[in-house]
Amino acid sequence: MIPIELHELFGLGVAILVGLFGGKLARRVKVPRVTGYLLIGLLIGPYVMGLISQDVVGELGVINDIALGLILFAIGNEFEWSHLKEVGLRELLRLALFETIGVFILVTFAFGLLGFDWIFSMLAGTVAIATAPAATLLVVREYNTRGPLTNRLLALVAVNNVISLLLFRVIHSLMAWQHGGPILGSILAPFYEIIVSLALGYLLGKGLAIWEDHLDELPELLLVIIGVVLLGTGAAHMLKLSPMLVAMAAGATVANSSHLHRLIYVEQRQLEQPVYIAFFVLAGTSLHLDVLPQMGLAGVLYIVARTIGKVGGIWLAGRKMDHLPQIGKYLGITMLCQAGVAIGEAYEILDHFPAEGELLTTIVLSTVIVNETFGPYLVRLGLSLSRELPDDSSGGNPLEELEELTPLEQERS
């Protein structure tokens, strides 16, 4: 019998179709679709059924880059200055600082007490800050939630990841210096990546805002969005920048300089569904079940300290928000998803510092299985407890959902 080599496009088709099936099953048992996508991906992936091999997953890595670019671009759109002032910029920063400092301190000290080097411990604390924007955004859009907690959740996820990415660059430089790297290079590297990434994102966002004044037809807007995301992601890889910061900065620039940014939300969502399904199914195939038994005490402490830091930090910050008690009570449990940003940071350490990177990657990959499996359900639970799920959130026509504005935009209109 002639062996058949699985083509990557066949694998992509399988990912989308079985992902749709997994999403339908998830809705029947009343859990978020993203959980269905991840679990069905895990089932057909190389660690269970082997329908999609690790080689095919690697060849489809560009899908992950595109999806993450679109997700971060959408998250950046939540940084509309006028809306941030309505929500309360000081309040948002207080929530972000209490949560990120709580996570960083608890995870760092937990690892330090286990005997790990303090720079490595701080690196683990930095990675723990990151929250998965993709899973969080998809749950919010799936259930069409609206209200004070939803508004703060999306903005806080964006701030959360910016802080993680910025702090990661600093701790990464400390580790480079610890390993004998040049002091000047270690100091300048994070400034180069951060400043140039934000500047590139700003220029791309301004370019999109200028282009919209010269549109010949509406479908052209979708092509411009795709072009901006692809151009920004590709340029970031070539220039050794952060694709996530570039995409987020472009989205934030569009939100504050484009008079068609609400229409951009709608146009972007026409593209999102197949890309997001493929992204999460492939993420599920990449969940390394083989590292789960290796998680050990460090992995357990990572999950526990991170959870206490996020939930406890939000609760402490929310004590001053008597007018919105649900923020302090329920926002914390919606912040526990973790995947792309944390995995990207762990793999970067693995590339530059193999000894420390192997340990950190094992911890992150094993805990991601837990956080991404239960995290989306906790997002839904927090939004439900805060009474921000519409009465008809149990189902709906997915074609109609694609035509709707984001929850934030519906509230503004």
# chains A, B, ... in the order shown; residues from 1 in each chain; ligands from 1

$ residues_around --residues "Gly318 (chain A)" --least-positions-apart "2" --cutoff "9 Å" --atoms "only C-alpha atoms" --output "list in words"
Glu91, Arg94, Leu95, Gly313, Ile314, Trp315, Leu316, Lys320, Met321, Asp322, Leu324, Pro325, Gln326, Ile327, Gly328 and Lys329 of chain A

$ write_last_selection --atoms "N, CA and C atoms" --output "PDB file, in the first residue's frame"
ATOM      1  N   GLU A  91      -9.330  53.941  37.284  1.00  0.00           N
ATOM      2  CA  GLU A  91      -9.878  52.688  37.812  1.00  0.00           C
ATOM      3  C   GLU A  91      -9.297  51.480  37.068  1.00  0.00           C
ATOM      4  N   ARG A  94      -5.766  50.921  38.143  1.00  0.00           N
ATOM      5  CA  ARG A  94      -5.708  50.345  39.489  1.00  0.00           C
ATOM      6  C   ARG A  94      -5.966  48.838  39.440  1.00  0.00           C
ATOM      7  N   LEU A  95      -6.977  48.439  38.678  1.00  0.00           N
ATOM      8  CA  LEU A  95      -7.260  47.016  38.523  1.00  0.00           C
ATOM      9  C   LEU A  95      -6.059  46.275  37.936  1.00  0.00           C
ATOM     10  N   GLY A 313      -5.999  40.025  43.506  1.00  0.00           N
ATOM     11  CA  GLY A 313      -5.641  41.387  43.119  1.00  0.00           C
ATOM     12  C   GLY A 313      -6.842  42.177  42.642  1.00  0.00           C
ATOM     13  N   ILE A 314      -7.670  41.553  41.807  1.00  0.00           N
ATOM     14  CA  ILE A 314      -8.887  42.224  41.331  1.00  0.00           C
ATOM     15  C   ILE A 314      -9.831  42.498  42.491  1.00  0.00           C
ATOM     16  N   TRP A 315      -9.946  41.536  43.421  1.00  0.00           N
ATOM     17  CA  TRP A 315     -10.835  41.722  44.567  1.00  0.00           C
ATOM     18  C   TRP A 315     -10.387  42.906  45.421  1.00  0.00           C
ATOM     19  N   LEU A 316      -9.083  43.014  45.665  1.00  0.00           N
ATOM     20  CA  LEU A 316      -8.575  44.134  46.457  1.00  0.00           C
ATOM     21  C   LEU A 316      -8.827  45.464  45.759  1.00  0.00           C
ATOM     22  N   LYS A 320     -12.860  49.331  46.332  1.00  0.00           N
ATOM     23  CA  LYS A 320     -13.173  50.757  46.285  1.00  0.00           C
ATOM     24  C   LYS A 320     -14.267  51.083  45.278  1.00  0.00           C
ATOM     25  N   MET A 321     -14.749  50.050  44.580  1.00  0.00           N
ATOM     26  CA  MET A 321     -15.772  50.267  43.553  1.00  0.00           C
ATOM     27  C   MET A 321     -17.139  49.839  44.087  1.00  0.00           C
ATOM     28  N   ASP A 322     -17.636  50.581  45.074  1.00  0.00           N
ATOM     29  CA  ASP A 322     -18.909  50.226  45.696  1.00  0.00           C
ATOM     30  C   ASP A 322     -20.066  50.283  44.713  1.00  0.00           C
ATOM     31  N   LEU A 324     -20.012  49.312  41.664  1.00  0.00           N
ATOM     32  CA  LEU A 324     -19.981  48.143  40.777  1.00  0.00           C
ATOM     33  C   LEU A 324     -19.374  46.957  41.530  1.00  0.00           C
ATOM     34  N   PRO A 325     -20.100  46.393  42.508  1.00  0.00           N
ATOM     35  CA  PRO A 325     -19.519  45.311  43.323  1.00  0.00           C
ATOM     36  C   PRO A 325     -19.180  44.066  42.520  1.00  0.00           C
ATOM     37  N   GLN A 326     -19.847  43.861  41.349  1.00  0.00           N
ATOM     38  CA  GLN A 326     -19.578  42.647  40.565  1.00  0.00           C
ATOM     39  C   GLN A 326     -18.170  42.634  39.977  1.00  0.00           C
ATOM     40  N   ILE A 327     -17.553  43.812  39.833  1.00  0.00           N
ATOM     41  CA  ILE A 327     -16.200  43.863  39.270  1.00  0.00           C
ATOM     42  C   ILE A 327     -15.224  43.140  40.187  1.00  0.00           C
ATOM     43  N   GLY A 328     -15.216  43.502  41.458  1.00  0.00           N
ATOM     44  CA  GLY A 328     -14.309  42.864  42.402  1.00  0.00           C
ATOM     45  C   GLY A 328     -14.619  41.397  42.620  1.00  0.00           C
ATOM     46  N   LYS A 329     -15.903  41.032  42.544  1.00  0.00           N
ATOM     47  CA  LYS A 329     -16.300  39.656  42.823  1.00  0.00           C
ATOM     48  C   LYS A 329     -15.992  38.705  41.674  1.00  0.00           C
TER      49      LYS A 329
END

$ closest_atom_pairs --of "region 289-364 of chain A" --to "region 110-119 of chain A" --cutoff "10 Å" --atoms "only C-alpha atoms" --output "tab-separated table"
residue	atom	partner	partner_atom	distance
A:Leu297	CA	A:Leu114	CA	8.8
A:Ala298	CA	A:Phe111	CA	7.0
A:Gly299	CA	A:Phe111	CA	9.8
A:Leu301	CA	A:Ala110	CA	6.7
A:Tyr302	CA	A:Ala110	CA	7.7
A:Val304	CA	A:Ala110	CA	9.7
A:Ala305	CA	A:Ala110	CA	7.3
A:Glu356	CA	A:Asp117	CA	9.8

$ select_by_dssp --residues "region 104-247 of chain A" --states "helix (DSSP H, G or I)" --output "VMD selection string"
chain A and resid 104 to 113 118 to 129 133 to 143 148 to 178 183 to 214 219 to 238 243 to 247

$ residues_around --residues "region 371-374 of chain A" --least-positions-apart "6" --cutoff "7 Å" --atoms "only C-alpha atoms" --output "VMD selection string"
chain A and resid 35 336 to 339

$ write_last_selection --atoms "N, CA and C atoms" --output "CSV table (one decimal), in the first residue's frame"
chain,number,residue,atom,x,y,z
A,35,THR,N,-13.9,26.1,24.1
A,35,THR,CA,-13.5,24.9,24.8
A,35,THR,C,-13.7,23.7,23.9
A,336,LEU,N,-8.3,34.1,33.8
A,336,LEU,CA,-7.4,33.0,34.0
A,336,LEU,C,-6.9,32.2,32.7
A,337,CYS,N,-7.5,32.5,31.6
A,337,CYS,CA,-7.1,31.9,30.3
A,337,CYS,C,-5.6,32.2,30.1
A,338,GLN,N,-4.9,31.3,29.6
A,338,GLN,CA,-3.5,31.6,29.2
A,338,GLN,C,-3.0,30.6,28.1
A,339,ALA,N,-2.4,31.2,27.1
A,339,ALA,CA,-1.9,30.4,26.0
A,339,ALA,C,-0.8,31.1,25.2

$ closest_residue --among "A:Pro182, A:Gly207, A:Gly284, A:Pro274" --to "Leu231 (chain A)" --atoms "only C-alpha atoms"
A:Gly207
